[in-house]
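File shown here: model-v3.pdb, holding PDB, C-alpha atoms.
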```pdb
ATOM      1  CA  MET A   1      61.121  83.838  74.315
ATOM      2  CA  ASP A   2      64.552  85.129  75.426
ATOM      3  CA  ASP A   3      66.242  87.806  73.359
ATOM      4  CA  PRO A   4      69.788  86.487  72.624
ATOM      5  CA  HIS A   5      71.114  90.051  72.366
ATOM      6  CA  HIS A   6      69.730  90.851  75.821
ATOM      7  CA  ASN A   7      71.473  87.771  77.276
ATOM      8  CA  ASP A   8      74.784  88.745  75.662
ATOM      9  CA  HIS A   9      74.444  92.270  77.055
ATOM     10  CA  TYR A  10      73.641  90.874  80.517
ATOM     11  CA  ARG A  11      76.621  88.489  80.423
ATOM     12  CA  GLN A  12      78.927  91.347  79.400
ATOM     13  CA  GLN A  13      77.585  93.532  82.234
ATOM     14  CA  VAL A  14      78.108  90.768  84.778
ATOM     15  CA  LYS A  15      81.599  90.077  83.431
ATOM     16  CA  THR A  16      82.665  93.712  83.874
ATOM     17  CA  MET A  17      81.325  93.731  87.448
ATOM     18  CA  THR A  18      82.956  90.495  88.588
ATOM     19  CA  THR A  19      86.546  89.675  89.405
ATOM     20  CA  ASP A  20      88.669  88.598  86.434
ATOM     21  CA  VAL A  21      90.082  85.356  87.876
ATOM     22  CA  SER A  22      93.080  85.185  85.519
ATOM     23  CA  GLN A  23      94.118  88.739  86.380
ATOM     24  CA  PHE A  24      93.377  88.173  90.086
ATOM     25  CA  ILE A  25      95.694  85.140  90.248
ATOM     26  CA  SER A  26      98.366  87.052  88.272
ATOM     27  CA  ASP A  27      98.184  89.967  90.724
ATOM     28  CA  LEU A  28      98.659  87.886  93.866
ATOM     29  CA  ASP A  29     102.117  88.327  95.386
ATOM     30  CA  ALA A  30     103.204  90.324  92.301
ATOM     31  CA  GLY A  31     102.831  87.289  90.015
ATOM     32  CA  ILE A  32     104.858  84.918  92.177
ATOM     33  CA  PHE A  33     101.737  83.041  93.353
ATOM     34  CA  GLU A  34     100.790  82.258  89.744
ATOM     35  CA  GLU A  35     104.305  80.953  89.048
ATOM     36  CA  LYS A  36     104.164  78.763  92.159
ATOM     37  CA  VAL A  37     100.765  77.324  91.185
ATOM     38  CA  SER A  38     102.070  76.541  87.695
ATOM     39  CA  ALA A  39     105.199  74.818  89.033
ATOM     40  CA  ILE A  40     103.301  72.841  91.695
ATOM     41  CA  LEU A  41     100.643  71.626  89.246
ATOM     42  CA  SER A  42     103.405  70.294  86.982
ATOM     43  CA  GLU A  43     105.358  68.774  89.879
ATOM     44  CA  VAL A  44     102.308  66.934  91.239
ATOM     45  CA  ALA A  45     101.183  65.703  87.808
ATOM     46  CA  GLY A  46     104.707  64.492  86.992
ATOM     47  CA  ALA A  47     105.002  62.672  90.329
ATOM     48  CA  VAL A  48     101.632  60.957  89.808
ATOM     49  CA  ILE A  49     102.780  59.652  86.417
ATOM     50  CA  ASP A  50     106.239  58.603  87.681
ATOM     51  CA  ILE A  51     105.037  56.870  90.850
ATOM     52  CA  SER A  52     102.056  55.179  89.153
ATOM     53  CA  GLU A  53     104.624  53.202  87.125
ATOM     54  CA  HIS A  54     105.489  51.428  90.425
ATOM     55  CA  LYS A  55     102.255  51.681  92.474
ATOM     56  CA  LEU A  56      98.602  51.634  91.452
ATOM     57  CA  GLY A  57      96.039  54.212  92.533
ATOM     58  CA  VAL A  58      98.398  57.041  93.440
ATOM     59  CA  THR A  59      97.037  60.568  93.422
ATOM     60  CA  GLY A  60      98.246  64.046  94.175
ATOM     61  CA  LYS A  61      96.395  67.061  95.494
ATOM     62  CA  VAL A  62      96.708  70.822  94.956
ATOM     63  CA  SER A  63      94.524  73.230  96.942
ATOM     64  CA  LEU A  64      94.122  76.999  96.737
ATOM     65  CA  GLU A  65      92.502  78.838  99.649
ATOM     66  CA  PHE A  66      91.584  82.514  99.903
ATOM     67  CA  THR A  67      90.611  84.414 103.058
ATOM     68  CA  ILE A  68      89.381  87.961 102.429
ATOM     69  CA  GLY A  69      89.158  90.690 105.071
ATOM     70  CA  ARG A  70      88.525  94.437 104.876
ATOM     71  CA  ILE A  71      91.438  96.822 105.439
ATOM     72  CA  GLY A  72      90.246  99.440 107.955
ATOM     73  CA  SER A  73      87.419 101.580 106.576
ATOM     74  CA  SER A  74      88.844 101.630 103.048
ATOM     75  CA  TYR A  75      87.469 100.019  99.897
ATOM     76  CA  GLN A  76      90.325  97.544  99.981
ATOM     77  CA  VAL A  77      90.617  93.985 101.209
ATOM     78  CA  GLN A  78      93.545  91.870 102.338
ATOM     79  CA  VAL A  79      93.556  88.570 100.454
ATOM     80  CA  ASP A  80      95.381  85.840 102.336
ATOM     81  CA  HIS A  81      96.215  83.159  99.791
ATOM     82  CA  THR A  82      97.373  79.669 100.614
ATOM     83  CA  LEU A  83      98.767  77.072  98.222
ATOM     84  CA  LYS A  84      98.869  73.519  99.592
ATOM     85  CA  TYR A  85      99.967  70.428  97.788
ATOM     86  CA  ALA A  86     100.729  66.774  98.329
ATOM     87  CA  ARG A  87     102.481  64.655  95.765
ATOM     88  CA  PRO A  88     103.146  60.926  95.889
ATOM     89  CA  THR A  89     106.583  59.453  96.523
ATOM     90  CA  LEU A  90     107.659  55.807  96.403
ATOM     91  CA  HIS A  91     107.213  55.468 100.174
ATOM     92  CA  GLY A  92     104.434  57.944 100.962
ATOM     93  CA  LYS A  93     103.929  61.567 100.041
ATOM     94  CA  LYS A  94     105.615  64.951 100.157
ATOM     95  CA  SER A  95     103.512  67.954 101.111
ATOM     96  CA  GLU A  96     104.009  71.691 101.555
ATOM     97  CA  GLU A  97     101.951  74.765 102.382
ATOM     98  CA  ASN A  98     102.752  78.340 101.309
ATOM     99  CA  LYS A  99     100.895  81.350 102.759
ATOM    100  CA  LYS A 100     101.102  84.985 101.594
ATOM    101  CA  SER A 101      98.892  88.112 101.558
ATOM    102  CA  THR A 102      98.074  90.731  98.921
ATOM    103  CA  PRO A 103      95.968  93.915  99.276
ATOM    104  CA  MET A 104      93.310  94.403  96.579
ATOM    105  CA  HIS A 105      90.949  97.256  95.676
ATOM    106  CA  VAL A 106      87.222  96.514  95.590
ATOM    107  CA  GLY A 107      85.233  98.239  92.866
ATOM    108  CA  LYS A 108      81.729  98.117  91.466
ATOM    109  CA  GLY A 109      79.948  94.844  92.079
ATOM    110  CA  GLY A 110      82.727  93.624  94.380
ATOM    111  CA  ARG A 111      85.247  93.370  91.539
ATOM    112  CA  MET A 112      88.726  92.896  93.047
ATOM    113  CA  THR A 113      91.691  94.484  91.262
ATOM    114  CA  PHE A 114      95.250  95.212  92.309
ATOM    115  CA  PHE A 115      94.977  98.783  91.031
ATOM    116  CA  PRO A 116      91.838 100.851  91.644
ATOM    117  CA  GLU A 117      89.467 100.851  88.681
ATOM    118  CA  ASP A 118      88.970 104.595  89.089
ATOM    119  CA  GLN A 119      92.020 106.659  90.063
ATOM    120  CA  SER A 120      89.731 109.087  91.915
ATOM    121  CA  GLN A 121      89.425 106.346  94.537
ATOM    122  CA  LEU A 122      92.941 107.170  95.684
ATOM    123  CA  PHE A 123      92.568 110.821  96.758
ATOM    124  CA  THR A 124      89.928 113.320  97.836
ATOM    125  CA  LYS A 125      89.496 116.666  96.033
ATOM    126  CA  THR A 126      91.891 118.222  98.560
ATOM    127  CA  GLY A 127      94.567 115.622  97.784
ATOM    128  CA  ASP A 128      94.186 113.666 101.017
ATOM    129  CA  PRO A 129      94.170 109.862 100.815
ATOM    130  CA  ALA A 130      90.600 108.659 100.322
ATOM    131  CA  THR A 131      89.248 106.053 102.708
ATOM    132  CA  LYS A 132      85.743 106.067 101.179
ATOM    133  CA  PRO A 133      84.545 107.150  97.733
ATOM    134  CA  GLU A 134      83.383 110.776  97.818
ATOM    135  CA  ASN A 135      80.098 110.018  96.078
ATOM    136  CA  GLN A 136      79.009 107.476  98.695
ATOM    137  CA  ASN A 137      78.051 107.920 102.308
ATOM    138  CA  GLY A 138      79.198 105.247 104.521
TER     139      GLY A 138
END
```
Reformat the file's structure so that it appears as structure tokens.
Amino acid sequence: MDDPHHNDHYRQQVKTMTTDVSQFISDLDAGIFEEKVSAILSEVAGAVIDISEHKLGVTGKVSLEFTIGRIGSSYQVQVDHTLKYARPTLHGKKSEENKKSTPMHVGKGGRMTFFPEDQSQLFTKTGDPATKPENQNG
């Protein structure tokens, strides 16, 4: 039989090693991406309600896309984030696409954060910028 305390401990361990999605979204483009997503979700939902008063079966669509690539030999990645949406109008639809990029640090378990989890990731013992953690061979 499973030990419920063991499962709670495991879930907590996994949570601390994975990316905090709320914080991740807030960090993208210094918080502007989160504001755009919020505004677009409301705009699309409002348009669906308004236009469905005149036409049946109207829908809107909001899509988030992330492309992640390593920055040089560092423990950082460049996150290209795209926000696409289409909202109904009386005679068709209005759509837009917004693309931006944000660098993120990658910590234990692949956890992405805007700031490094461990400040020692920034510099070597001699004060030079670190490209790889000192305690790992790469």
Please provide the set of residues having any atom within 10 Å of Glu117 in chain A, restricted to all atoms listed in the file, with same-chain residues fewer than 4 positions apart removed, written as a PDB file with C-alpha atoms, in the frame of the given file.
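File written: selection.pdb
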```
ATOM      1  CA  HIS A 105      90.949  97.256  95.676  1.00  0.00           C
ATOM      2  CA  VAL A 106      87.222  96.514  95.590  1.00  0.00           C
ATOM      3  CA  GLY A 107      85.233  98.239  92.866  1.00  0.00           C
ATOM      4  CA  LYS A 108      81.729  98.117  91.466  1.00  0.00           C
ATOM      5  CA  ARG A 111      85.247  93.370  91.539  1.00  0.00           C
ATOM      6  CA  MET A 112      88.726  92.896  93.047  1.00  0.00           C
ATOM      7  CA  THR A 113      91.691  94.484  91.262  1.00  0.00           C
ATOM      8  CA  GLN A 121      89.425 106.346  94.537  1.00  0.00           C
TER       9      GLN A 121
END
```
How big is the axis-aligned box around the listed atoms of range 90-105 of chain A once 8 Å is added on each side, and where is its centre? Give both in Å to one decimal, as lines of an AutoDock Vina configuration file.
```
center_x = 99.3
center_y = 76.4
center_z = 99.2
size_x = 32.7
size_y = 57.8
size_z = 23.1
```
Excluding same-chain residues fewer than 6 positions from Val37 in chain A, what lies within 12 Å of it counting all atoms listed in the file, as a VMD selection string? chain A and resid 25 to 26 28 to 29 31 43 to 44 61 to 65 81 to 85 97 to 98
Go ahead and write the selection's residues with C-alpha atoms as a PDB file, keeping the file's coordinate frame.
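Writing done, so here's again14.pdb:
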```pdb
ATOM      1  CA  ILE A  25      95.694  85.140  90.248  1.00  0.00           C
ATOM      2  CA  SER A  26      98.366  87.052  88.272  1.00  0.00           C
ATOM      3  CA  LEU A  28      98.659  87.886  93.866  1.00  0.00           C
ATOM      4  CA  ASP A  29     102.117  88.327  95.386  1.00  0.00           C
ATOM      5  CA  GLY A  31     102.831  87.289  90.015  1.00  0.00           C
ATOM      6  CA  GLU A  43     105.358  68.774  89.879  1.00  0.00           C
ATOM      7  CA  VAL A  44     102.308  66.934  91.239  1.00  0.00           C
ATOM      8  CA  LYS A  61      96.395  67.061  95.494  1.00  0.00           C
ATOM      9  CA  VAL A  62      96.708  70.822  94.956  1.00  0.00           C
ATOM     10  CA  SER A  63      94.524  73.230  96.942  1.00  0.00           C
ATOM     11  CA  LEU A  64      94.122  76.999  96.737  1.00  0.00           C
ATOM     12  CA  GLU A  65      92.502  78.838  99.649  1.00  0.00           C
ATOM     13  CA  HIS A  81      96.215  83.159  99.791  1.00  0.00           C
ATOM     14  CA  THR A  82      97.373  79.669 100.614  1.00  0.00           C
ATOM     15  CA  LEU A  83      98.767  77.072  98.222  1.00  0.00           C
ATOM     16  CA  LYS A  84      98.869  73.519  99.592  1.00  0.00           C
ATOM     17  CA  TYR A  85      99.967  70.428  97.788  1.00  0.00           C
ATOM     18  CA  GLU A  97     101.951  74.765 102.382  1.00  0.00           C
ATOM     19  CA  ASN A  98     102.752  78.340 101.309  1.00  0.00           C
TER      20      ASN A  98
END
```
So which residues touch Thr89 in chain A within 10 Å, counting all atoms listed in the file, skipping near sequence neighbours fewer than 3 positions away, as a list in words?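 Once the nearby chain positions are removed, what remains is Ala47, Val48, Asp50, Ile51, Ser52, Lys55, Val58, Gly60, Ala86, Gly92, Lys93 and Lys94 of chain A.
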I need the residue set behind the PyMOL selection byres ((chain A and resi 71) around 12) for this file; please write it as an MDAnalysis selection string. chainID A and resid 68:70 72:79 102:106 131:132
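With distances taken over all atoms listed in the file, A:Asp80 is the one residue among A:Asp80, A:Glu53, A:Asp27, A:Glu35 lying closest to Ser101 in chain A.
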Using Å and a single decimal, report how far CA of Lys100 in chain A sits from CA of Thr67 in chain A. 10.6 Å
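Atom pair CA of Phe66 in chain A / CA of Asp118 in chain A has a distance of 24.7 Å (rounded to one decimal).
One finds CA of Arg87 in chain A at 9.1 Å from CA of Gly46 in chain A.
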Measuring atom to atom with all atoms listed in the file, identify which of A:Ile32, A:Gln23, A:Leu56, A:Ser38 is nearest to Lys99 in chain A.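 Counting all atoms listed in the file, the residue closest to Lys99 in chain A is A:Ile32.
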Minimum-distance residue to Ala45 in chain A, chosen among A:Phe33, A:Pro88, A:Gly57, A:Asp20 (using all atoms listed in the file):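 Result for the nearest residue to Ala45 in chain A: A:Pro88.
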Output range 31-53 of chain A with N, CA and C atoms present, as a compact mmCIF listing (two decimals), keeping the file's coordinate frame.
```txt
# COMPACT_ATOMS: atom_id res chain seq x y z
N GLY A 31 102.65 88.30 91.05
CA GLY A 31 102.83 87.29 90.02
C GLY A 31 103.53 86.03 90.49
N ILE A 32 104.12 86.08 91.67
CA ILE A 32 104.86 84.92 92.18
C ILE A 32 103.91 83.77 92.50
N PHE A 33 102.71 84.08 93.03
CA PHE A 33 101.74 83.04 93.35
C PHE A 33 101.38 82.24 92.10
N GLU A 34 101.14 82.93 91.00
CA GLU A 34 100.79 82.26 89.74
C GLU A 34 101.92 81.33 89.29
N GLU A 35 103.16 81.79 89.42
CA GLU A 35 104.30 80.95 89.05
C GLU A 35 104.40 79.72 89.93
N LYS A 36 104.13 79.90 91.24
CA LYS A 36 104.16 78.76 92.16
C LYS A 36 103.07 77.75 91.82
N VAL A 37 101.86 78.23 91.54
CA VAL A 37 100.76 77.32 91.18
C VAL A 37 101.13 76.53 89.93
N SER A 38 101.67 77.20 88.94
CA SER A 38 102.07 76.54 87.70
C SER A 38 103.11 75.45 87.96
N ALA A 39 104.13 75.78 88.74
CA ALA A 39 105.20 74.82 89.03
C ALA A 39 104.67 73.63 89.84
N ILE A 40 103.83 73.91 90.84
CA ILE A 40 103.30 72.84 91.70
C ILE A 40 102.37 71.91 90.91
N LEU A 41 101.51 72.48 90.07
CA LEU A 41 100.64 71.63 89.25
C LEU A 41 101.47 70.65 88.41
N SER A 42 102.54 71.15 87.80
CA SER A 42 103.40 70.29 86.98
C SER A 42 104.15 69.27 87.83
N GLU A 43 104.63 69.70 88.99
CA GLU A 43 105.36 68.77 89.88
C GLU A 43 104.45 67.62 90.34
N VAL A 44 103.24 67.96 90.75
CA VAL A 44 102.31 66.93 91.24
C VAL A 44 101.90 66.00 90.10
N ALA A 45 101.57 66.54 88.95
CA ALA A 45 101.18 65.70 87.81
C ALA A 45 102.33 64.78 87.40
N GLY A 46 103.55 65.31 87.35
CA GLY A 46 104.71 64.49 86.99
C GLY A 46 104.95 63.38 87.99
N ALA A 47 104.80 63.69 89.29
CA ALA A 47 105.00 62.67 90.33
C ALA A 47 103.95 61.58 90.23
N VAL A 48 102.70 61.96 89.95
CA VAL A 48 101.63 60.96 89.81
C VAL A 48 101.97 59.99 88.68
N ILE A 49 102.41 60.52 87.56
CA ILE A 49 102.78 59.65 86.42
C ILE A 49 103.97 58.78 86.78
N ASP A 50 105.03 59.37 87.35
CA ASP A 50 106.24 58.60 87.68
C ASP A 50 105.97 57.51 88.71
N ILE A 51 105.26 57.84 89.77
CA ILE A 51 105.04 56.87 90.85
C ILE A 51 104.02 55.81 90.43
N SER A 52 103.05 56.17 89.58
CA SER A 52 102.06 55.18 89.15
C SER A 52 102.68 54.08 88.30
N GLU A 53 103.90 54.27 87.83
CA GLU A 53 104.62 53.20 87.12
C GLU A 53 104.97 52.07 88.09
```
